[in-house]
Amino acid sequence: GASPGRDWDAETGVLAGATTIPIASGENHTPLAACRDLIDKGGVRYLQFDCIKNGGLTEFQKVAAYAEARGVALAPHHVPHFHVQIAAAQPHTAWVEAFDNAKQHVAWLHLFPGYPEVRDGHMECHDRPGWGFDVDEAFLRANGPLVRWAS
């Protein structure tokens, strides 16, 4: 865990300054001020901001603008079916992190009809309104015991 008084962003910067390997980080950084420190002190080259965990679309736009101004590429963390749409709108997106759903998120393909496919290392970006996929409410009702569904 983090120790009180330690400046983890500055320590990331020490690491970034000691290697030619570009550093990617930021999936747990929110709000913009934390991302700013990670960019300025941490020397990251790829910012992995996660708008699902950390502030939504508005915060993503703020973080993306700052990263672009500082020459830092975006590499949004996880939940690619949300991030692919907004990442595609940013000229400085390097990639969107994705996992093999058959191994990690088996339900996603059933829960989200229209889930974008990955082909040859590229995720499709729908031209449908909104996120480009639906939510299968029947599947959620049948398989989402932790969700309090209002009928």
# chains A, B, ... in the order shown; residues from 1 in each chain; ligands from 1

call {"tool": "residues_around", "arguments": {"residues": "Pro129 in chain A", "least_positions_apart": "4", "cutoff": "12 Å", "atoms": "only C-alpha atoms", "output": "PyMOL selection string"}}
result
chain A and resi 85+114+125+133-134

call {"tool": "residues_around", "arguments": {"residues": "Arg70 in chain A", "least_positions_apart": "6", "cutoff": "10 Å", "atoms": "only C-alpha atoms", "output": "PDB file with all heavy atoms, in the first residue's frame"}}
result
ATOM      1  N   ARG A  36      -2.616  15.339 -13.819  1.00  0.00           N
ATOM      2  CA  ARG A  36      -1.623  16.380 -14.110  1.00  0.00           C
ATOM      3  C   ARG A  36      -0.317  16.068 -13.393  1.00  0.00           C
ATOM      4  O   ARG A  36       0.762  16.129 -13.995  1.00  0.00           O
ATOM      5  CB  ARG A  36      -2.158  17.742 -13.669  1.00  0.00           C
ATOM      6  CG  ARG A  36      -1.199  18.899 -13.957  1.00  0.00           C
ATOM      7  CD  ARG A  36      -1.531  20.125 -13.133  1.00  0.00           C
ATOM      8  NE  ARG A  36      -1.362  19.793 -11.724  1.00  0.00           N
ATOM      9  CZ  ARG A  36      -2.196  20.181 -10.756  1.00  0.00           C
ATOM     10  NH1 ARG A  36      -3.241  20.904 -11.009  1.00  0.00           N
ATOM     11  NH2 ARG A  36      -1.948  19.838  -9.513  1.00  0.00           N
ATOM     12  N   ILE A  39       1.493  13.175 -15.026  1.00  0.00           N
ATOM     13  CA  ILE A  39       2.134  13.590 -16.275  1.00  0.00           C
ATOM     14  C   ILE A  39       3.363  14.450 -15.992  1.00  0.00           C
ATOM     15  O   ILE A  39       4.451  14.187 -16.495  1.00  0.00           O
ATOM     16  CB  ILE A  39       1.133  14.351 -17.172  1.00  0.00           C
ATOM     17  CG1 ILE A  39       0.065  13.390 -17.696  1.00  0.00           C
ATOM     18  CG2 ILE A  39       1.843  15.064 -18.311  1.00  0.00           C
ATOM     19  CD1 ILE A  39      -1.120  14.079 -18.374  1.00  0.00           C
ATOM     20  N   ASP A  40       3.192  15.474 -15.151  1.00  0.00           N
ATOM     21  CA  ASP A  40       4.275  16.434 -14.915  1.00  0.00           C
ATOM     22  C   ASP A  40       5.388  15.889 -14.026  1.00  0.00           C
ATOM     23  O   ASP A  40       6.569  16.089 -14.311  1.00  0.00           O
ATOM     24  CB  ASP A  40       3.710  17.727 -14.319  1.00  0.00           C
ATOM     25  CG  ASP A  40       2.816  18.471 -15.290  1.00  0.00           C
ATOM     26  OD1 ASP A  40       2.839  18.170 -16.498  1.00  0.00           O
ATOM     27  OD2 ASP A  40       2.071  19.357 -14.830  1.00  0.00           O
ATOM     28  N   ARG A  45       4.307   8.502 -20.459  1.00  0.00           N
ATOM     29  CA  ARG A  45       4.153   8.764 -21.896  1.00  0.00           C
ATOM     30  C   ARG A  45       2.791   8.305 -22.389  1.00  0.00           C
ATOM     31  O   ARG A  45       2.316   8.723 -23.433  1.00  0.00           O
ATOM     32  CB  ARG A  45       5.246   8.060 -22.704  1.00  0.00           C
ATOM     33  CG  ARG A  45       6.665   8.450 -22.351  1.00  0.00           C
ATOM     34  CD  ARG A  45       6.999   9.937 -22.212  1.00  0.00           C
ATOM     35  NE  ARG A  45       6.473  10.821 -23.236  1.00  0.00           N
ATOM     36  CZ  ARG A  45       6.056  12.084 -22.994  1.00  0.00           C
ATOM     37  NH1 ARG A  45       6.117  12.591 -21.801  1.00  0.00           N
ATOM     38  NH2 ARG A  45       5.597  12.809 -23.968  1.00  0.00           N
ATOM     39  N   ALA A  64      -7.908  14.350 -21.141  1.00  0.00           N
ATOM     40  CA  ALA A  64      -7.429  14.173 -22.516  1.00  0.00           C
ATOM     41  C   ALA A  64      -6.837  15.469 -23.059  1.00  0.00           C
ATOM     42  O   ALA A  64      -5.796  15.453 -23.725  1.00  0.00           O
ATOM     43  CB  ALA A  64      -8.571  13.685 -23.413  1.00  0.00           C
TER      44      ALA A  64
END

call {"tool": "select_by_dssp", "arguments": {"residues": "range 48-130 of chain A", "states": "strand (DSSP E or B)", "output": "list in words"}}
result
Ala73, Leu74, Thr93, Val118, Arg119, His122 and Met123 of chain A

call {"tool": "closest_residue", "arguments": {"among": "A:Lys62, A:Arg119, A:His78, A:His83", "to": "Gln104 in chain A", "atoms": "only C-alpha atoms"}}
result
A:His78

call {"tool": "residues_around", "arguments": {"residues": "Gln61 in chain A", "least_positions_apart": "4", "cutoff": "10 Å", "atoms": "only C-alpha atoms", "output": "ChimeraX atom specification"}}
result
/A:32,51,56-57,65-67,86-87,90

call {"tool": "atom_distance", "arguments": {"atom1": "CA of Asn143 in chain A", "atom2": "CA of Ala98 in chain A"}}
result
22.9 Å

call {"tool": "select_by_dssp", "arguments": {"residues": "range 6-132 of chain A", "states": "helix (DSSP H, G or I)", "output": "mmCIF file with all heavy atoms, in the first residue's frame"}}
result
data_model
loop_
_atom_site.group_PDB
_atom_site.id
_atom_site.type_symbol
_atom_site.label_atom_id
_atom_site.label_comp_id
_atom_site.auth_asym_id
_atom_site.auth_seq_id
_atom_site.Cartn_x
_atom_site.Cartn_y
_atom_site.Cartn_z
ATOM 1 N N TRP A 8 4.310 9.407 -4.810
ATOM 2 C CA TRP A 8 4.422 8.297 -5.753
ATOM 3 C C TRP A 8 4.575 8.785 -7.183
ATOM 4 O O TRP A 8 5.254 8.148 -7.989
ATOM 5 C CB TRP A 8 3.227 7.357 -5.611
ATOM 6 C CG TRP A 8 3.246 6.656 -4.293
ATOM 7 C CD1 TRP A 8 2.483 6.949 -3.200
ATOM 8 C CD2 TRP A 8 4.113 5.592 -3.891
ATOM 9 N NE1 TRP A 8 2.812 6.114 -2.152
ATOM 10 C CE2 TRP A 8 3.808 5.273 -2.551
ATOM 11 C CE3 TRP A 8 5.111 4.875 -4.534
ATOM 12 C CZ2 TRP A 8 4.458 4.261 -1.850
ATOM 13 C CZ3 TRP A 8 5.759 3.870 -3.842
ATOM 14 C CH2 TRP A 8 5.441 3.561 -2.509
ATOM 15 N N ASP A 9 3.955 9.913 -7.506
ATOM 16 C CA ASP A 9 4.103 10.439 -8.862
ATOM 17 C C ASP A 9 5.546 10.856 -9.118
ATOM 18 O O ASP A 9 6.103 10.575 -10.182
ATOM 19 C CB ASP A 9 3.148 11.610 -9.098
ATOM 20 C CG ASP A 9 1.690 11.163 -9.081
ATOM 21 O OD1 ASP A 9 1.413 10.003 -9.430
ATOM 22 O OD2 ASP A 9 0.834 11.990 -8.713
ATOM 23 N N ALA A 10 6.159 11.508 -8.139
ATOM 24 C CA ALA A 10 7.563 11.909 -8.291
ATOM 25 C C ALA A 10 8.465 10.686 -8.369
ATOM 26 O O ALA A 10 9.430 10.668 -9.141
ATOM 27 C CB ALA A 10 7.976 12.816 -7.134
ATOM 28 N N GLU A 11 8.153 9.646 -7.606
ATOM 29 C CA GLU A 11 8.956 8.427 -7.665
ATOM 30 C C GLU A 11 8.791 7.732 -9.015
ATOM 31 O O GLU A 11 9.743 7.156 -9.538
ATOM 32 C CB GLU A 11 8.603 7.506 -6.503
ATOM 33 C CG GLU A 11 9.089 8.085 -5.174
ATOM 34 C CD GLU A 11 8.950 7.134 -4.011
ATOM 35 O OE1 GLU A 11 8.949 5.905 -4.233
ATOM 36 O OE2 GLU A 11 8.851 7.622 -2.877
ATOM 37 N N THR A 12 7.605 7.811 -9.590
ATOM 38 C CA THR A 12 7.408 7.295 -10.947
ATOM 39 C C THR A 12 8.271 8.087 -11.916
ATOM 40 O O THR A 12 8.849 7.531 -12.854
ATOM 41 C CB THR A 12 5.920 7.366 -11.346
ATOM 42 O OG1 THR A 12 5.158 6.595 -10.423
ATOM 43 C CG2 THR A 12 5.696 6.835 -12.752
ATOM 44 N N GLY A 13 8.381 9.386 -11.685
ATOM 45 C CA GLY A 13 9.222 10.237 -12.517
ATOM 46 C C GLY A 13 10.693 9.845 -12.450
ATOM 47 O O GLY A 13 11.409 9.917 -13.458
ATOM 48 N N VAL A 14 11.159 9.433 -11.288
ATOM 49 C CA VAL A 14 12.542 8.968 -11.143
ATOM 50 C C VAL A 14 12.741 7.723 -12.006
ATOM 51 O O VAL A 14 13.732 7.611 -12.740
ATOM 52 C CB VAL A 14 12.879 8.671 -9.662
ATOM 53 C CG1 VAL A 14 14.222 7.980 -9.539
ATOM 54 C CG2 VAL A 14 12.851 9.959 -8.845
ATOM 55 N N LEU A 15 11.787 6.805 -11.943
ATOM 56 C CA LEU A 15 11.858 5.607 -12.771
ATOM 57 C C LEU A 15 11.821 5.975 -14.253
ATOM 58 O O LEU A 15 12.626 5.478 -15.042
ATOM 59 C CB LEU A 15 10.695 4.663 -12.436
ATOM 60 C CG LEU A 15 10.563 3.421 -13.320
ATOM 61 C CD1 LEU A 15 11.781 2.517 -13.181
ATOM 62 C CD2 LEU A 15 9.288 2.674 -12.996
ATOM 63 N N ALA A 16 10.895 6.849 -14.630
ATOM 64 C CA ALA A 16 10.775 7.251 -16.039
ATOM 65 C C ALA A 16 12.057 7.893 -16.541
ATOM 66 O O ALA A 16 12.439 7.701 -17.699
ATOM 67 C CB ALA A 16 9.595 8.213 -16.212
ATOM 68 N N GLY A 17 12.748 8.640 -15.676
ATOM 69 C CA GLY A 17 13.988 9.290 -16.064
ATOM 70 C C GLY A 17 15.172 8.340 -16.158
ATOM 71 O O GLY A 17 16.204 8.684 -16.733
ATOM 72 N N LEU A 32 -8.551 15.488 -12.545
ATOM 73 C CA LEU A 32 -7.544 16.055 -13.436
ATOM 74 C C LEU A 32 -6.255 16.389 -12.695
ATOM 75 O O LEU A 32 -5.171 16.134 -13.209
ATOM 76 C CB LEU A 32 -8.095 17.305 -14.130
ATOM 77 C CG LEU A 32 -7.095 18.122 -14.958
ATOM 78 C CD1 LEU A 32 -6.514 17.288 -16.080
ATOM 79 C CD2 LEU A 32 -7.765 19.376 -15.492
ATOM 80 N N ALA A 33 -6.346 16.929 -11.505
ATOM 81 C CA ALA A 33 -5.143 17.322 -10.753
ATOM 82 C C ALA A 33 -4.209 16.131 -10.532
ATOM 83 O O ALA A 33 -2.987 16.261 -10.644
ATOM 84 C CB ALA A 33 -5.529 17.950 -9.417
ATOM 85 N N ALA A 34 -4.766 14.967 -10.236
ATOM 86 C CA ALA A 34 -3.932 13.779 -10.025
ATOM 87 C C ALA A 34 -3.279 13.343 -11.335
ATOM 88 O O ALA A 34 -2.106 12.957 -11.356
ATOM 89 C CB ALA A 34 -4.767 12.648 -9.438
ATOM 90 N N CYS A 35 -4.018 13.419 -12.421
ATOM 91 C CA CYS A 35 -3.446 13.075 -13.733
ATOM 92 C C CYS A 35 -2.378 14.082 -14.132
ATOM 93 O O CYS A 35 -1.356 13.710 -14.701
ATOM 94 C CB CYS A 35 -4.545 13.010 -14.779
ATOM 95 S SG CYS A 35 -5.683 11.645 -14.517
ATOM 96 N N ARG A 36 -2.616 15.339 -13.819
ATOM 97 C CA ARG A 36 -1.623 16.380 -14.110
ATOM 98 C C ARG A 36 -0.317 16.068 -13.393
ATOM 99 O O ARG A 36 0.762 16.129 -13.995
ATOM 100 C CB ARG A 36 -2.158 17.742 -13.669
ATOM 101 C CG ARG A 36 -1.199 18.899 -13.957
ATOM 102 C CD ARG A 36 -1.531 20.125 -13.133
ATOM 103 N NE ARG A 36 -1.362 19.793 -11.724
ATOM 104 C CZ ARG A 36 -2.196 20.181 -10.756
ATOM 105 N NH1 ARG A 36 -3.241 20.904 -11.009
ATOM 106 N NH2 ARG A 36 -1.948 19.838 -9.513
ATOM 107 N N ASP A 37 -0.403 15.701 -12.124
ATOM 108 C CA ASP A 37 0.810 15.378 -11.370
ATOM 109 C C ASP A 37 1.511 14.144 -11.941
ATOM 110 O O ASP A 37 2.740 14.091 -11.999
ATOM 111 C CB ASP A 37 0.480 15.146 -9.896
ATOM 112 C CG ASP A 37 0.153 16.437 -9.166
ATOM 113 O OD1 ASP A 37 0.370 17.535 -9.735
ATOM 114 O OD2 ASP A 37 -0.348 16.361 -8.030
ATOM 115 N N LEU A 38 0.734 13.161 -12.359
ATOM 116 C CA LEU A 38 1.331 11.954 -12.937
ATOM 117 C C LEU A 38 2.057 12.281 -14.241
ATOM 118 O O LEU A 38 3.134 11.761 -14.509
ATOM 119 C CB LEU A 38 0.257 10.899 -13.182
ATOM 120 C CG LEU A 38 0.740 9.541 -13.667
ATOM 121 C CD1 LEU A 38 1.700 8.908 -12.661
ATOM 122 C CD2 LEU A 38 -0.452 8.626 -13.902
ATOM 123 N N ILE A 39 1.493 13.175 -15.026
ATOM 124 C CA ILE A 39 2.134 13.590 -16.275
ATOM 125 C C ILE A 39 3.363 14.450 -15.992
ATOM 126 O O ILE A 39 4.451 14.187 -16.495
ATOM 127 C CB ILE A 39 1.133 14.351 -17.172
ATOM 128 C CG1 ILE A 39 0.065 13.390 -17.696
ATOM 129 C CG2 ILE A 39 1.843 15.064 -18.311
ATOM 130 C CD1 ILE A 39 -1.120 14.079 -18.374
ATOM 131 N N ASP A 40 3.192 15.474 -15.151
ATOM 132 C CA ASP A 40 4.275 16.434 -14.915
ATOM 133 C C ASP A 40 5.388 15.889 -14.026
ATOM 134 O O ASP A 40 6.569 16.089 -14.311
ATOM 135 C CB ASP A 40 3.710 17.727 -14.319
ATOM 136 C CG ASP A 40 2.816 18.471 -15.290
ATOM 137 O OD1 ASP A 40 2.839 18.170 -16.498
ATOM 138 O OD2 ASP A 40 2.071 19.357 -14.830
ATOM 139 N N GLY A 56 -16.117 9.902 -15.170
ATOM 140 C CA GLY A 56 -16.968 9.945 -16.341
ATOM 141 C C GLY A 56 -16.387 10.685 -17.530
ATOM 142 O O GLY A 56 -15.195 10.985 -17.601
ATOM 143 N N LEU A 57 -17.262 10.982 -18.469
ATOM 144 C CA LEU A 57 -16.860 11.594 -19.728
ATOM 145 C C LEU A 57 -16.309 12.998 -19.565
ATOM 146 O O LEU A 57 -15.360 13.382 -20.248
ATOM 147 C CB LEU A 57 -18.051 11.643 -20.687
ATOM 148 C CG LEU A 57 -18.526 10.310 -21.213
ATOM 149 C CD1 LEU A 57 -19.800 10.477 -22.018
ATOM 150 C CD2 LEU A 57 -17.464 9.658 -22.054
ATOM 151 N N THR A 58 -16.906 13.777 -18.685
ATOM 152 C CA THR A 58 -16.445 15.153 -18.508
ATOM 153 C C THR A 58 -15.006 15.175 -18.019
ATOM 154 O O THR A 58 -14.174 15.915 -18.546
ATOM 155 C CB THR A 58 -17.360 15.911 -17.533
ATOM 156 O OG1 THR A 58 -18.693 15.900 -18.059
ATOM 157 C CG2 THR A 58 -16.901 17.337 -17.337
ATOM 158 N N GLU A 59 -14.703 14.354 -17.045
ATOM 159 C CA GLU A 59 -13.330 14.308 -16.536
ATOM 160 C C GLU A 59 -12.380 13.746 -17.589
ATOM 161 O O GLU A 59 -11.245 14.199 -17.719
ATOM 162 C CB GLU A 59 -13.260 13.490 -15.245
ATOM 163 C CG GLU A 59 -12.075 13.813 -14.381
ATOM 164 C CD GLU A 59 -12.102 15.230 -13.810
ATOM 165 O OE1 GLU A 59 -13.164 15.850 -13.708
ATOM 166 O OE2 GLU A 59 -11.016 15.714 -13.441
ATOM 167 N N PHE A 60 -12.843 12.771 -18.368
ATOM 168 C CA PHE A 60 -12.021 12.227 -19.455
ATOM 169 C C PHE A 60 -11.636 13.334 -20.423
ATOM 170 O O PHE A 60 -10.483 13.415 -20.857
ATOM 171 C CB PHE A 60 -12.759 11.108 -20.198
ATOM 172 C CG PHE A 60 -11.927 10.432 -21.247
ATOM 173 C CD1 PHE A 60 -11.198 9.300 -20.938
ATOM 174 C CD2 PHE A 60 -11.852 10.933 -22.544
ATOM 175 C CE1 PHE A 60 -10.411 8.669 -21.905
ATOM 176 C CE2 PHE A 60 -11.074 10.317 -23.513
ATOM 177 C CZ PHE A 60 -10.351 9.182 -23.188
ATOM 178 N N GLN A 61 -12.584 14.182 -20.787
ATOM 179 C CA GLN A 61 -12.304 15.264 -21.731
ATOM 180 C C GLN A 61 -11.252 16.231 -21.165
ATOM 181 O O GLN A 61 -10.360 16.671 -21.883
ATOM 182 C CB GLN A 61 -13.586 16.021 -22.072
ATOM 183 C CG GLN A 61 -14.544 15.224 -22.937
ATOM 184 C CD GLN A 61 -13.936 14.829 -24.256
ATOM 185 O OE1 GLN A 61 -13.617 13.662 -24.486
ATOM 186 N NE2 GLN A 61 -13.765 15.768 -25.143
ATOM 187 N N LYS A 62 -11.362 16.550 -19.892
ATOM 188 C CA LYS A 62 -10.388 17.442 -19.250
ATOM 189 C C LYS A 62 -8.996 16.809 -19.245
ATOM 190 O O LYS A 62 -8.003 17.455 -19.592
ATOM 191 C CB LYS A 62 -10.811 17.755 -17.817
ATOM 192 C CG LYS A 62 -12.072 18.575 -17.705
ATOM 193 C CD LYS A 62 -12.448 18.715 -16.240
ATOM 194 C CE LYS A 62 -13.791 19.363 -16.055
ATOM 195 N NZ LYS A 62 -14.186 19.405 -14.625
ATOM 196 N N VAL A 63 -8.945 15.554 -18.843
ATOM 197 C CA VAL A 63 -7.676 14.826 -18.768
ATOM 198 C C VAL A 63 -7.077 14.674 -20.167
ATOM 199 O O VAL A 63 -5.869 14.874 -20.365
ATOM 200 C CB VAL A 63 -7.880 13.457 -18.085
ATOM 201 C CG1 VAL A 63 -6.678 12.560 -18.261
ATOM 202 C CG2 VAL A 63 -8.200 13.657 -16.607
ATOM 203 N N ALA A 64 -7.908 14.350 -21.141
ATOM 204 C CA ALA A 64 -7.429 14.173 -22.516
ATOM 205 C C ALA A 64 -6.837 15.469 -23.059
ATOM 206 O O ALA A 64 -5.796 15.453 -23.725
ATOM 207 C CB ALA A 64 -8.571 13.685 -23.413
ATOM 208 N N ALA A 65 -7.482 16.594 -22.779
ATOM 209 C CA ALA A 65 -6.977 17.885 -23.262
ATOM 210 C C ALA A 65 -5.624 18.201 -22.635
ATOM 211 O O ALA A 65 -4.698 18.656 -23.324
ATOM 212 C CB ALA A 65 -7.982 18.990 -22.964
ATOM 213 N N TYR A 66 -5.485 17.954 -21.340
ATOM 214 C CA TYR A 66 -4.206 18.219 -20.676
ATOM 215 C C TYR A 66 -3.111 17.299 -21.219
ATOM 216 O O TYR A 66 -1.995 17.747 -21.504
ATOM 217 C CB TYR A 66 -4.330 18.063 -19.157
ATOM 218 C CG TYR A 66 -3.088 18.556 -18.455
ATOM 219 C CD1 TYR A 66 -2.894 19.911 -18.248
ATOM 220 C CD2 TYR A 66 -2.095 17.678 -18.052
ATOM 221 C CE1 TYR A 66 -1.743 20.384 -17.642
ATOM 222 C CE2 TYR A 66 -0.943 18.129 -17.449
ATOM 223 C CZ TYR A 66 -0.766 19.485 -17.241
ATOM 224 O OH TYR A 66 0.383 19.949 -16.646
ATOM 225 N N ALA A 67 -3.452 16.027 -21.371
ATOM 226 C CA ALA A 67 -2.465 15.074 -21.888
ATOM 227 C C ALA A 67 -2.011 15.478 -23.284
ATOM 228 O O ALA A 67 -0.808 15.455 -23.585
ATOM 229 C CB ALA A 67 -3.056 13.662 -21.904
ATOM 230 N N GLU A 68 -2.938 15.872 -24.134
ATOM 231 C CA GLU A 68 -2.577 16.276 -25.488
ATOM 232 C C GLU A 68 -1.655 17.497 -25.460
ATOM 233 O O GLU A 68 -0.651 17.548 -26.175
ATOM 234 C CB GLU A 68 -3.824 16.587 -26.314
ATOM 235 C CG GLU A 68 -3.500 16.958 -27.749
ATOM 236 C CD GLU A 68 -4.734 17.237 -28.578
ATOM 237 O OE1 GLU A 68 -5.779 17.622 -28.029
ATOM 238 O OE2 GLU A 68 -4.644 17.061 -29.809
ATOM 239 N N ALA A 69 -1.964 18.461 -24.610
ATOM 240 C CA ALA A 69 -1.139 19.666 -24.509
ATOM 241 C C ALA A 69 0.276 19.354 -24.040
ATOM 242 O O ALA A 69 1.219 20.063 -24.393
ATOM 243 C CB ALA A 69 -1.803 20.668 -23.565
ATOM 244 N N PRO A 80 -13.231 -1.623 -22.625
ATOM 245 C CA PRO A 80 -13.027 -1.057 -23.955
ATOM 246 C C PRO A 80 -14.310 -0.704 -24.684
ATOM 247 O O PRO A 80 -14.314 0.206 -25.509
ATOM 248 C CB PRO A 80 -12.270 -2.169 -24.702
ATOM 249 C CG PRO A 80 -12.642 -3.419 -23.993
ATOM 250 C CD PRO A 80 -12.793 -3.029 -22.552
ATOM 251 N N HIS A 81 -15.414 -1.389 -24.375
ATOM 252 C CA HIS A 81 -16.657 -1.096 -25.071
ATOM 253 C C HIS A 81 -17.187 0.294 -24.733
ATOM 254 O O HIS A 81 -17.969 0.855 -25.494
ATOM 255 C CB HIS A 81 -17.710 -2.177 -24.827
ATOM 256 C CG HIS A 81 -17.912 -2.574 -23.408
ATOM 257 N ND1 HIS A 81 -16.911 -3.120 -22.640
ATOM 258 C CD2 HIS A 81 -19.006 -2.518 -22.620
ATOM 259 C CE1 HIS A 81 -17.386 -3.398 -21.439
ATOM 260 N NE2 HIS A 81 -18.639 -3.030 -21.391
ATOM 261 N N PHE A 82 -16.761 0.873 -23.638
ATOM 262 C CA PHE A 82 -17.067 2.275 -23.346
ATOM 263 C C PHE A 82 -15.966 3.187 -23.879
ATOM 264 O O PHE A 82 -16.224 4.188 -24.508
ATOM 265 C CB PHE A 82 -17.221 2.502 -21.838
ATOM 266 C CG PHE A 82 -18.515 2.010 -21.291
ATOM 267 C CD1 PHE A 82 -18.605 0.754 -20.728
ATOM 268 C CD2 PHE A 82 -19.657 2.796 -21.345
ATOM 269 C CE1 PHE A 82 -19.812 0.282 -20.218
ATOM 270 C CE2 PHE A 82 -20.860 2.332 -20.841
ATOM 271 C CZ PHE A 82 -20.941 1.072 -20.273
ATOM 272 N N HIS A 83 -14.729 2.824 -23.601
ATOM 273 C CA HIS A 83 -13.615 3.706 -23.940
ATOM 274 C C HIS A 83 -13.356 3.840 -25.438
ATOM 275 O O HIS A 83 -12.844 4.863 -25.883
ATOM 276 C CB HIS A 83 -12.343 3.234 -23.236
ATOM 277 C CG HIS A 83 -12.307 3.592 -21.795
ATOM 278 N ND1 HIS A 83 -12.141 2.648 -20.810
ATOM 279 C CD2 HIS A 83 -12.423 4.774 -21.157
ATOM 280 C CE1 HIS A 83 -12.154 3.235 -19.622
ATOM 281 N NE2 HIS A 83 -12.327 4.530 -19.814
ATOM 282 N N VAL A 84 -13.680 2.816 -26.248
ATOM 283 C CA VAL A 84 -13.334 2.872 -27.665
ATOM 284 C C VAL A 84 -14.005 4.056 -28.360
ATOM 285 O O VAL A 84 -13.400 4.696 -29.214
ATOM 286 C CB VAL A 84 -13.635 1.539 -28.386
ATOM 287 C CG1 VAL A 84 -15.130 1.288 -28.536
ATOM 288 C CG2 VAL A 84 -12.934 1.490 -29.734
ATOM 289 N N GLN A 85 -15.229 4.364 -27.990
ATOM 290 C CA GLN A 85 -15.944 5.466 -28.644
ATOM 291 C C GLN A 85 -15.280 6.810 -28.354
ATOM 292 O O GLN A 85 -15.047 7.605 -29.263
ATOM 293 C CB GLN A 85 -17.407 5.512 -28.182
ATOM 294 C CG GLN A 85 -18.195 4.273 -28.526
ATOM 295 C CD GLN A 85 -18.581 4.208 -29.988
ATOM 296 O OE1 GLN A 85 -17.864 4.637 -30.875
ATOM 297 N NE2 GLN A 85 -19.731 3.632 -30.264
ATOM 298 N N ILE A 86 -14.984 7.074 -27.092
ATOM 299 C CA ILE A 86 -14.405 8.385 -26.761
ATOM 300 C C ILE A 86 -12.921 8.446 -27.112
ATOM 301 O O ILE A 86 -12.419 9.506 -27.464
ATOM 302 C CB ILE A 86 -14.657 8.759 -25.287
ATOM 303 C CG1 ILE A 86 -14.158 7.695 -24.332
ATOM 304 C CG2 ILE A 86 -16.119 9.014 -25.057
ATOM 305 C CD1 ILE A 86 -14.318 8.042 -22.887
ATOM 306 N N ALA A 87 -12.246 7.310 -27.061
ATOM 307 C CA ALA A 87 -10.830 7.294 -27.442
ATOM 308 C C ALA A 87 -10.670 7.573 -28.929
ATOM 309 O O ALA A 87 -9.714 8.240 -29.349
ATOM 310 C CB ALA A 87 -10.206 5.960 -27.069
ATOM 311 N N ALA A 88 -11.609 7.075 -29.721
ATOM 312 C CA ALA A 88 -11.538 7.289 -31.166
ATOM 313 C C ALA A 88 -11.690 8.769 -31.525
ATOM 314 O O ALA A 88 -11.249 9.198 -32.584
ATOM 315 C CB ALA A 88 -12.615 6.469 -31.866
ATOM 316 N N TRP A 108 -19.924 -10.304 -20.381
ATOM 317 C CA TRP A 108 -20.041 -9.068 -21.154
ATOM 318 C C TRP A 108 -20.640 -9.289 -22.535
ATOM 319 O O TRP A 108 -21.444 -8.487 -23.000
ATOM 320 C CB TRP A 108 -18.692 -8.378 -21.277
ATOM 321 C CG TRP A 108 -18.292 -7.612 -20.063
ATOM 322 C CD1 TRP A 108 -18.944 -7.584 -18.856
ATOM 323 C CD2 TRP A 108 -17.158 -6.773 -19.924
ATOM 324 N NE1 TRP A 108 -18.279 -6.783 -17.982
ATOM 325 C CE2 TRP A 108 -17.172 -6.268 -18.612
ATOM 326 C CE3 TRP A 108 -16.131 -6.416 -20.770
ATOM 327 C CZ2 TRP A 108 -16.199 -5.406 -18.140
ATOM 328 C CZ3 TRP A 108 -15.155 -5.554 -20.295
ATOM 329 C CH2 TRP A 108 -15.190 -5.052 -18.996
ATOM 330 N N LEU A 109 -20.240 -10.347 -23.212
ATOM 331 C CA LEU A 109 -20.739 -10.575 -24.559
ATOM 332 C C LEU A 109 -22.238 -10.863 -24.565
ATOM 333 O O LEU A 109 -22.924 -10.591 -25.542
ATOM 334 C CB LEU A 109 -19.965 -11.702 -25.229
ATOM 335 C CG LEU A 109 -18.462 -11.437 -25.379
ATOM 336 C CD1 LEU A 109 -17.769 -12.647 -25.972
ATOM 337 C CD2 LEU A 109 -18.194 -10.201 -26.210
ATOM 338 N N HIS A 110 -22.765 -11.412 -23.467
ATOM 339 C CA HIS A 110 -24.197 -11.669 -23.339
ATOM 340 C C HIS A 110 -24.932 -10.438 -22.817
ATOM 341 O O HIS A 110 -26.035 -10.135 -23.253
ATOM 342 C CB HIS A 110 -24.448 -12.851 -22.398
ATOM 343 C CG HIS A 110 -23.754 -14.101 -22.820
ATOM 344 N ND1 HIS A 110 -24.171 -14.848 -23.902
ATOM 345 C CD2 HIS A 110 -22.658 -14.711 -22.328
ATOM 346 C CE1 HIS A 110 -23.354 -15.878 -24.049
ATOM 347 N NE2 HIS A 110 -22.436 -15.821 -23.106
ATOM 348 N N LEU A 111 -24.324 -9.759 -21.870
ATOM 349 C CA LEU A 111 -24.954 -8.594 -21.242
ATOM 350 C C LEU A 111 -25.047 -7.406 -22.192
ATOM 351 O O LEU A 111 -26.006 -6.643 -22.142
ATOM 352 C CB LEU A 111 -24.159 -8.199 -19.994
ATOM 353 C CG LEU A 111 -24.673 -7.001 -19.193
ATOM 354 C CD1 LEU A 111 -26.100 -7.229 -18.709
ATOM 355 C CD2 LEU A 111 -23.741 -6.728 -18.011
#
